[in-house]
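*Asks:* Here you go, this is target-v4.json (JSON, C-alpha atoms).
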[["chain", "number", "residue", "atom", "x", "y", "z"],
["U", 196, "MET", "CA", 124.17, 120.79, 97.56],
["U", 197, "ILE", "CA", 126.86, 118.84, 99.42],
["U", 198, "LEU", "CA", 124.84, 118.97, 102.65],
["U", 199, "LYS", "CA", 121.71, 117.94, 100.75],
["U", 200, "LYS", "CA", 123.54, 114.90, 99.39],
["U", 201, "LEU", "CA", 125.28, 114.13, 102.68],
["U", 202, "PHE", "CA", 122.06, 114.18, 104.70],
["U", 203, "SER", "CA", 119.80, 112.73, 102.02],
["U", 204, "VAL", "CA", 117.32, 110.13, 103.25],
["U", 205, "TYR", "CA", 119.32, 107.53, 101.29],
["U", 206, "SER", "CA", 122.68, 108.58, 102.71],
["U", 207, "PRO", "CA", 124.61, 106.03, 104.83],
["U", 208, "VAL", "CA", 125.84, 108.95, 106.97],
["U", 209, "TRP", "CA", 122.83, 108.44, 109.27],
["U", 210, "GLN", "CA", 123.75, 104.83, 109.97],
["U", 211, "LEU", "CA", 127.36, 105.92, 110.49],
["U", 212, "ILE", "CA", 126.32, 108.49, 113.12],
["U", 213, "PHE", "CA", 123.97, 106.02, 114.86],
["U", 214, "ALA", "CA", 126.63, 103.30, 114.94],
["U", 215, "LEU", "CA", 129.42, 105.57, 116.20],
["U", 216, "THR", "CA", 127.29, 107.13, 118.93],
["U", 217, "ALA", "CA", 126.03, 103.70, 120.04],
["U", 218, "ILE", "CA", 129.55, 102.25, 120.23],
["U", 219, "SER", "CA", 131.04, 105.25, 122.01],
["U", 220, "GLY", "CA", 128.11, 105.33, 124.47],
["U", 221, "LEU", "CA", 128.40, 101.61, 125.21],
["U", 222, "ALA", "CA", 132.18, 101.87, 125.53],
["U", 223, "ALA", "CA", 131.76, 104.72, 128.02],
["U", 224, "ILE", "CA", 129.33, 102.66, 130.12],
["U", 225, "TYR", "CA", 131.58, 99.60, 130.00],
["U", 226, "GLN", "CA", 134.68, 101.62, 130.80],
["U", 227, "ALA", "CA", 133.00, 103.23, 133.81],
["U", 228, "TYR", "CA", 131.71, 99.82, 134.94],
["U", 229, "ILE", "CA", 135.20, 98.30, 134.78],
["U", 230, "LEU", "CA", 136.73, 101.17, 136.70],
["U", 231, "GLN", "CA", 134.05, 100.90, 139.39],
["U", 232, "HIS", "CA", 134.11, 97.07, 139.46],
["U", 233, "PRO", "CA", 137.70, 96.18, 138.56],
["U", 234, "GLN", "CA", 137.23, 92.50, 139.40],
["U", 235, "ALA", "CA", 134.72, 92.21, 136.54],
["U", 236, "ALA", "CA", 137.46, 92.77, 133.98],
["U", 237, "LEU", "CA", 140.21, 90.89, 135.84],
["U", 238, "ILE", "CA", 141.98, 94.17, 136.56],
["U", 239, "THR", "CA", 143.95, 93.82, 139.77],
["U", 240, "SER", "CA", 145.66, 97.17, 140.00],
["U", 241, "ALA", "CA", 142.64, 99.53, 140.04],
["U", 242, "ASN", "CA", 142.53, 101.94, 142.93],
["U", 243, "SER", "CA", 140.14, 104.53, 144.30],
["U", 244, "THR", "CA", 141.58, 107.30, 142.11],
["U", 245, "ALA", "CA", 140.78, 105.25, 139.02],
["U", 246, "THR", "CA", 137.20, 104.74, 140.23],
["U", 247, "TYR", "CA", 136.74, 108.47, 140.69],
["U", 248, "THR", "CA", 138.17, 109.16, 137.22],
["U", 249, "GLY", "CA", 135.73, 106.60, 135.83],
["U", 250, "ASP", "CA", 132.75, 108.49, 137.23],
["U", 251, "LEU", "CA", 133.95, 111.68, 135.57],
["U", 252, "GLN", "CA", 134.55, 109.88, 132.25],
["U", 253, "LEU", "CA", 131.02, 108.48, 132.28],
["U", 254, "ASN", "CA", 129.61, 111.98, 132.58],
["U", 255, "ALA", "CA", 131.58, 113.39, 129.66],
["U", 256, "ALA", "CA", 131.93, 110.37, 127.39],
["U", 257, "PHE", "CA", 128.45, 108.93, 127.89],
["U", 258, "PHE", "CA", 126.16, 111.95, 127.74],
["U", 259, "LEU", "CA", 127.78, 113.46, 124.65],
["U", 260, "PRO", "CA", 127.01, 110.37, 122.47],
["U", 261, "VAL", "CA", 123.51, 110.23, 123.98],
["U", 262, "LEU", "CA", 122.96, 113.87, 123.05],
["U", 263, "ILE", "CA", 124.35, 113.40, 119.52],
["U", 264, "GLY", "CA", 122.26, 110.23, 119.18],
["U", 265, "LEU", "CA", 119.05, 111.99, 120.19],
["U", 266, "ILE", "CA", 119.70, 114.93, 117.85],
["U", 267, "SER", "CA", 120.55, 112.65, 114.90],
["U", 268, "VAL", "CA", 117.52, 110.37, 115.46],
["U", 269, "THR", "CA", 115.27, 113.45, 115.54],
["U", 270, "ALA", "CA", 116.91, 114.88, 112.40],
["U", 271, "TYR", "CA", 116.60, 111.53, 110.57],
["U", 272, "ALA", "CA", 112.92, 111.27, 111.55],
["U", 273, "ILE", "CA", 112.32, 114.76, 110.13],
["U", 274, "VAL", "CA", 114.18, 113.92, 106.88],
["U", 275, "CYS", "CA", 112.18, 110.65, 106.51],
["U", 276, "HIS", "CA", 108.89, 112.44, 107.18],
["U", 277, "LYS", "CA", 109.67, 115.18, 104.63],
["U", 278, "HIS", "CA", 110.70, 112.59, 102.03],
["U", 279, "ASN", "CA", 107.62, 110.43, 102.60],
["U", 280, "SER", "CA", 105.22, 113.35, 102.38],
["U", 281, "LYS", "CA", 106.83, 114.44, 99.06],
["U", 282, "LYS", "CA", 107.39, 110.99, 97.53],
["U", 283, "GLY", "CA", 104.24, 109.01, 98.19],
["U", 284, "SER", "CA", 105.25, 106.24, 95.77],
["U", 285, "HIS", "CA", 108.81, 105.86, 97.08],
["U", 286, "LYS", "CA", 108.34, 105.97, 100.83],
["U", 287, "VAL", "CA", 111.18, 104.98, 103.12],
["U", 288, "ASN", "CA", 110.67, 102.98, 106.29],
["U", 289, "PRO", "CA", 113.36, 103.55, 108.94],
["U", 290, "PHE", "CA", 112.43, 100.20, 110.54],
["U", 291, "SER", "CA", 112.65, 98.20, 107.32],
["U", 292, "LEU", "CA", 114.94, 95.15, 107.28],
["U", 293, "ARG", "CA", 116.27, 96.37, 103.92],
["U", 294, "PRO", "CA", 118.45, 99.44, 104.60],
["U", 295, "ASN", "CA", 117.24, 102.64, 102.95],
["U", 296, "GLU", "CA", 120.74, 103.18, 101.53],
["U", 297, "VAL", "CA", 120.17, 100.25, 99.16],
["U", 298, "ILE", "CA", 118.23, 102.17, 96.55],
["U", 299, "GLY", "CA", 116.16, 100.00, 94.23],
["U", 300, "ASP", "CA", 113.93, 102.50, 92.47],
["U", 301, "ASP", "CA", 114.86, 101.26, 89.00],
["U", 302, "GLU", "CA", 117.56, 99.31, 87.16],
["U", 303, "ARG", "CA", 120.07, 102.20, 87.20],
["U", 304, "MET", "CA", 119.85, 102.58, 90.98],
["U", 305, "GLN", "CA", 119.90, 98.81, 91.47],
["U", 306, "GLN", "CA", 123.10, 98.70, 89.43],
["U", 307, "ALA", "CA", 124.57, 101.60, 91.43],
["U", 308, "SER", "CA", 123.72, 99.87, 94.73],
["U", 309, "ALA", "CA", 125.19, 96.61, 93.44],
["U", 310, "ASN", "CA", 128.42, 98.38, 92.43],
["U", 311, "ALA", "CA", 128.58, 100.04, 95.86],
["U", 312, "ALA", "CA", 128.09, 96.67, 97.55],
["U", 313, "LEU", "CA", 130.91, 95.22, 95.43],
["U", 314, "LYS", "CA", 133.25, 98.04, 96.53],
["U", 315, "LEU", "CA", 132.18, 97.42, 100.11],
["U", 316, "TYR", "CA", 133.02, 93.72, 99.82],
["U", 317, "ILE", "CA", 136.46, 94.52, 98.39],
["U", 318, "GLY", "CA", 136.99, 97.08, 101.18],
["U", 319, "ASN", "CA", 136.01, 94.55, 103.84],
["U", 320, "HIS", "CA", 138.33, 91.98, 102.30],
["U", 321, "PHE", "CA", 141.25, 94.23, 103.26],
["U", 322, "SER", "CA", 139.91, 95.86, 106.44],
["U", 323, "LEU", "CA", 138.59, 92.78, 108.28],
["U", 324, "PRO", "CA", 142.08, 91.35, 109.01],
["U", 325, "PHE", "CA", 143.10, 94.73, 110.49],
["U", 326, "LEU", "CA", 139.94, 94.78, 112.61],
["U", 327, "ALA", "CA", 140.74, 91.25, 113.83],
["U", 328, "ILE", "CA", 144.27, 92.37, 114.82],
["U", 329, "ILE", "CA", 142.97, 95.45, 116.69],
["U", 330, "MET", "CA", 140.28, 93.38, 118.43],
["U", 331, "THR", "CA", 142.82, 90.76, 119.47],
["U", 332, "ILE", "CA", 145.25, 93.34, 120.82],
["U", 333, "GLY", "CA", 142.39, 95.25, 122.49],
["U", 334, "ALA", "CA", 140.99, 92.12, 124.11],
["U", 335, "GLY", "CA", 144.47, 90.96, 125.14],
["U", 336, "SER", "CA", 145.34, 94.25, 126.80],
["U", 337, "GLY", "CA", 141.86, 94.68, 128.29],
["U", 338, "SER", "CA", 141.56, 98.06, 126.59],
["U", 339, "VAL", "CA", 137.93, 98.94, 125.96],
["U", 340, "GLN", "CA", 138.94, 102.16, 124.24],
["U", 341, "MET", "CA", 141.16, 100.35, 121.75],
["U", 342, "THR", "CA", 138.49, 97.76, 120.94],
["U", 343, "ALA", "CA", 135.85, 100.47, 120.55],
["U", 344, "LEU", "CA", 138.20, 102.59, 118.45],
["U", 345, "GLY", "CA", 138.94, 99.62, 116.19],
["U", 346, "PHE", "CA", 135.21, 99.04, 115.69],
["U", 347, "MET", "CA", 134.59, 102.72, 115.06],
["U", 348, "ILE", "CA", 137.35, 102.98, 112.43],
["U", 349, "PHE", "CA", 136.04, 99.84, 110.73],
["U", 350, "ILE", "CA", 132.44, 101.08, 110.74],
["U", 351, "ALA", "CA", 133.48, 104.55, 109.55],
["U", 352, "GLY", "CA", 135.41, 102.97, 106.67],
["U", 353, "TYR", "CA", 132.50, 100.67, 105.88],
["U", 354, "TYR", "CA", 129.95, 103.44, 105.53],
["U", 355, "LEU", "CA", 132.35, 105.90, 103.88],
["U", 356, "VAL", "CA", 133.15, 103.38, 101.13],
["U", 357, "TYR", "CA", 129.42, 102.98, 100.49],
["U", 358, "LEU", "CA", 128.89, 106.75, 100.66],
["U", 359, "GLY", "CA", 131.69, 107.34, 98.16],
["U", 360, "ALA", "CA", 130.23, 104.81, 95.71],
["U", 361, "MET", "CA", 126.69, 106.21, 95.99],
["U", 362, "TRP", "CA", 127.71, 109.87, 96.10],
["U", 363, "PRO", "CA", 126.83, 110.70, 92.45],
["U", 364, "TYR", "CA", 123.31, 109.34, 92.96],
["U", 365, "LEU", "CA", 122.46, 110.96, 96.31],
["U", 366, "GLY", "CA", 120.19, 113.99, 96.42],
["U", 367, "GLU", "CA", 118.56, 113.13, 93.10],
["U", 368, "ASP", "CA", 115.14, 112.76, 94.73],
["M", 27, "MET", "CA", 138.54, 97.18, 71.41],
["M", 28, "THR", "CA", 135.90, 99.00, 73.47],
["M", 29, "TYR", "CA", 132.54, 100.30, 72.41],
["M", 30, "GLN", "CA", 130.29, 103.07, 73.61],
["M", 31, "LEU", "CA", 126.52, 102.76, 73.45],
["M", 32, "ARG", "CA", 125.16, 105.83, 71.69],
["M", 33, "ASN", "CA", 121.49, 106.78, 71.41],
["M", 34, "GLU", "CA", 118.93, 109.14, 69.95],
["M", 35, "VAL", "CA", 116.53, 109.02, 72.89],
["M", 36, "LEU", "CA", 116.57, 112.80, 73.40],
["M", 37, "ALA", "CA", 115.79, 113.53, 69.74],
["M", 38, "GLU", "CA", 113.05, 110.90, 69.54],
["M", 39, "ARG", "CA", 111.50, 111.97, 72.85],
["M", 40, "SER", "CA", 111.45, 115.60, 71.70],
["M", 41, "ALA", "CA", 109.89, 114.56, 68.40],
["M", 42, "LYS", "CA", 107.14, 112.75, 70.31],
["M", 43, "ARG", "CA", 106.69, 115.83, 72.57],
["M", 44, "LEU", "CA", 107.20, 113.82, 75.71],
["M", 45, "THR", "CA", 108.82, 115.11, 78.88],
["M", 46, "GLN", "CA", 111.49, 113.07, 80.64],
["M", 47, "SER", "CA", 109.02, 112.35, 83.44],
["M", 48, "GLU", "CA", 106.33, 111.16, 81.03],
["M", 49, "LEU", "CA", 108.75, 108.86, 79.22],
["M", 50, "ALA", "CA", 110.06, 107.61, 82.57],
["M", 51, "ASP", "CA", 106.52, 106.75, 83.68],
["M", 52, "LEU", "CA", 105.82, 104.95, 80.40],
["M", 53, "VAL", "CA", 108.83, 102.64, 80.77],
["M", 54, "GLY", "CA", 108.79, 102.38, 84.57],
["M", 55, "VAL", "CA", 112.02, 104.12, 85.56],
["M", 56, "THR", "CA", 112.86, 107.41, 87.26],
["M", 57, "ARG", "CA", 113.24, 110.72, 85.44],
["M", 58, "GLN", "CA", 116.90, 110.77, 86.46],
["M", 59, "THR", "CA", 117.50, 107.49, 84.62],
["M", 60, "ILE", "CA", 116.04, 108.91, 81.40],
["M", 61, "ALA", "CA", 118.26, 111.98, 81.84],
["M", 62, "ALA", "CA", 121.32, 109.76, 82.36],
["M", 63, "ILE", "CA", 120.48, 107.70, 79.25],
["M", 64, "GLU", "CA", 120.08, 110.85, 77.16],
["M", 65, "LYS", "CA", 123.44, 112.15, 78.39],
["M", 66, "GLU", "CA", 124.90, 108.71, 77.60],
["M", 67, "ALA", "CA", 126.07, 108.49, 81.19],
["M", 68, "TYR", "CA", 124.15, 105.24, 81.68],
["M", 69, "SER", "CA", 123.73, 102.30, 79.33],
["M", 70, "PRO", "CA", 120.26, 100.79, 79.78],
["M", 71, "SER", "CA", 119.59, 97.07, 79.97],
["M", 72, "ALA", "CA", 118.39, 95.32, 76.84],
["M", 73, "VAL", "CA", 114.86, 95.14, 78.29],
["M", 74, "LEU", "CA", 114.74, 98.89, 78.94],
["M", 75, "ALA", "CA", 116.26, 99.66, 75.54],
["M", 76, "PHE", "CA", 113.54, 97.59, 73.82],
["M", 77, "GLN", "CA", 110.87, 99.24, 75.99],
["M", 78, "LEU", "CA", 112.13, 102.68, 74.97],
["M", 79, "ALA", "CA", 112.14, 101.68, 71.31],
["M", 80, "LEU", "CA", 108.58, 100.43, 71.66],
["M", 81, "VAL", "CA", 107.30, 103.53, 73.44],
["M", 82, "LEU", "CA", 109.12, 105.92, 71.09],
["M", 83, "ASP", "CA", 107.97, 103.85, 68.11],
["M", 84, "THR", "CA", 111.49, 103.69, 66.67],
["M", 85, "PRO", "CA", 113.46, 100.65, 65.46],
["M", 86, "ILE", "CA", 115.89, 99.73, 68.21],
["M", 87, "ASN", "CA", 118.92, 99.87, 65.92],
["M", 88, "GLU", "CA", 118.05, 103.47, 65.08],
["M", 89, "LEU", "CA", 117.52, 104.38, 68.72],
["M", 90, "PHE", "CA", 120.66, 102.64, 70.05],
["M", 91, "TRP", "CA", 123.89, 101.73, 68.33],
["M", 92, "LEU", "CA", 127.47, 100.87, 69.22],
["M", 93, "GLU", "CA", 130.33, 103.18, 68.39],
["M", 94, "GLU", "CA", 133.93, 102.17, 68.62],
["M", 95, "GLU", "CA", 135.85, 104.25, 71.14],
["M", 96, "ALA", "CA", 139.01, 105.93, 69.92]]
Now, as a test, write the supplied structure out as structure tokens.
*Replies:*
Amino acid sequence: MILKKLFSVYSPVWQLIFALTAISGLAAIYQAYILQHPQAALITSANSTATYTGDLQLNAAFFLPVLIGLISVTAYAIVCHKHNSKKGSHKVNPFSLRPNEVIGDDERMQQASANAALKLYIGNHFSLPFLAIIMTIGAGSGSVQMTALGFMIFIAGYYLVYLGAMWPYLGED
Amino acid sequence: MTYQLRNEVLAERSAKRLTQSELADLVGVTRQTIAAIEKEAYSPSAVLAFQLALVLDTPINELFWLEEEA
């Protein structure tokens, strides 16, 4: 039941996985690029050992997110297809501008989505200043990992707040 | 002072021999919303409450009423 709710077609967990894999993949590429082209990031102390380490990091840190991304996209496509073939009148479109997590089937679900959005806004009110601090420190120190980690924590919090608020309503379909 | 919205939707629906799905279709909501209303876990909007009263052919004040919470 928990897994059914967690990986429901309306669950924000999918977006969370996509976002985290995209950020970690991009961070891995950028990190490897900086280590191979230190002048691009105004790093003056990079040496050949760092370049070699960068190549190794790209292998491990890049291909794992790509693999997780491919598996999760395939799984999401299967979940969407199963849902759409069962619920002809309430089809979901993965490419819709309106996220599938915003459920608007009827007034109860609209109210639930609105309450979740309110909690999200309150959560962002407190977490955005922390994200700004992490981004500033990360940018100042030239640390891609720190910037990426800050983003990932923020995004995880963002989707987990929404997931928590919508939890009682997931898996009802 | 707080109030709880109570209802007799379950009793009236049973009397009319309607399933939750049939009632849901008649008023344009999901079956889960009807179930939540019957369990008094969800308070419907005024529009939906009037629609339910109309479909169940029951005066709205007999279908829904406020009860003071202890």
*Asks:* Pro260 (chain U): which residues within 12 Å, counting only C-alpha atoms, same-chain residues fewer than 2 positions away excluded, as a ChimeraX atom specification?
*Replies:* /U:212-224,253-258,262-268
*Asks:* Excluding Lys65 (chain M) and residues on its chain fewer than 2 positions from it, collect all residues at most 10 Å away from it, counting only C-alpha atoms, and give them as a list of chain:residue names.
*Replies:*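 So the residues in contact are M:Arg32, M:Asn33, M:Val35, M:Leu36, M:Thr59, M:Ile60, M:Ala61, M:Ala62, M:Ile63, M:Ala67, M:Tyr68, M:Ser69.
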*Asks:* For C-alpha atoms, I'd like the residues from the last selection saved as an mmCIF file, in the coordinates of the input.
*Replies:*
data_model
loop_
_atom_site.group_PDB
_atom_site.id
_atom_site.type_symbol
_atom_site.label_atom_id
_atom_site.label_comp_id
_atom_site.auth_asym_id
_atom_site.auth_seq_id
_atom_site.Cartn_x
_atom_site.Cartn_y
_atom_site.Cartn_z
ATOM 1 C CA ARG M 32 125.160 105.830 71.690
ATOM 2 C CA ASN M 33 121.490 106.780 71.410
ATOM 3 C CA VAL M 35 116.530 109.020 72.890
ATOM 4 C CA LEU M 36 116.570 112.800 73.400
ATOM 5 C CA THR M 59 117.500 107.490 84.620
ATOM 6 C CA ILE M 60 116.040 108.910 81.400
ATOM 7 C CA ALA M 61 118.260 111.980 81.840
ATOM 8 C CA ALA M 62 121.320 109.760 82.360
ATOM 9 C CA ILE M 63 120.480 107.700 79.250
ATOM 10 C CA ALA M 67 126.070 108.490 81.190
ATOM 11 C CA TYR M 68 124.150 105.240 81.680
ATOM 12 C CA SER M 69 123.730 102.300 79.330
#
*Asks:* Which value, in Å to one decimal, gives the distance between CA of Ala227 (chain U) and CA of Gln340 (chain U)?
*Replies:*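 For CA of Ala227 (chain U) relative to CA of Gln340 (chain U), the distance reads 11.3 Å.
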*Asks:* Taking all atoms listed in the file into account, what are the residues of chain U at most 9 Å from chain M, put as number ranges by chain?
*Replies:* U: 300-304, 367-368
*Asks:* So the first atom is CA of Ala41 (chain M) and the second is CA of Val73 (chain M); what is the distance between them in Å, to one decimal place?
*Replies:*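 So the answer is 22.4 Å.
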*Asks:* I need the residue nearest Ser40 (chain M) from this list: M:Trp91, M:Glu64, M:Pro85, M:Leu80. Use all atoms listed in the file for the distance.
*Replies:* M:Glu64
*Asks:* Here is a test: counting only C-alpha atoms, which residue of M:Ser47, M:Glu93, M:Glu88, M:Leu52 is nearest to Leu31 (chain M)?
*Replies:*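 For Leu31 (chain M), the nearest of the candidates is M:Glu93.
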*Asks:* Considering all atoms listed in the file, state which residue in the set U:Ser322, U:Asn310, U:Lys200, U:Tyr205 is at the smallest distance from Arg293 (chain U).
*Replies:*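 Checking each candidate against Arg293 (chain U), we get U:Tyr205 as the closest.
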*Asks:* Please write out, as AutoDock Vina command-line options, where the centre of an axis-aligned box around all listed atoms of region 37-53 of chain M lies and how long its edges are, in Å to one decimal, after adding 3 Å on each side.
*Replies:*
--center_x 110.8 --center_y 109.2 --center_z 76.0 --size_x 16.0 --size_y 19.2 --size_z 21.3
*Asks:* I'd like to know which of U:Met196, U:Ile350, U:Ala327, U:Val297 is closest to Ala309 (chain U), using all atoms listed in the file.
*Replies:* U:Val297
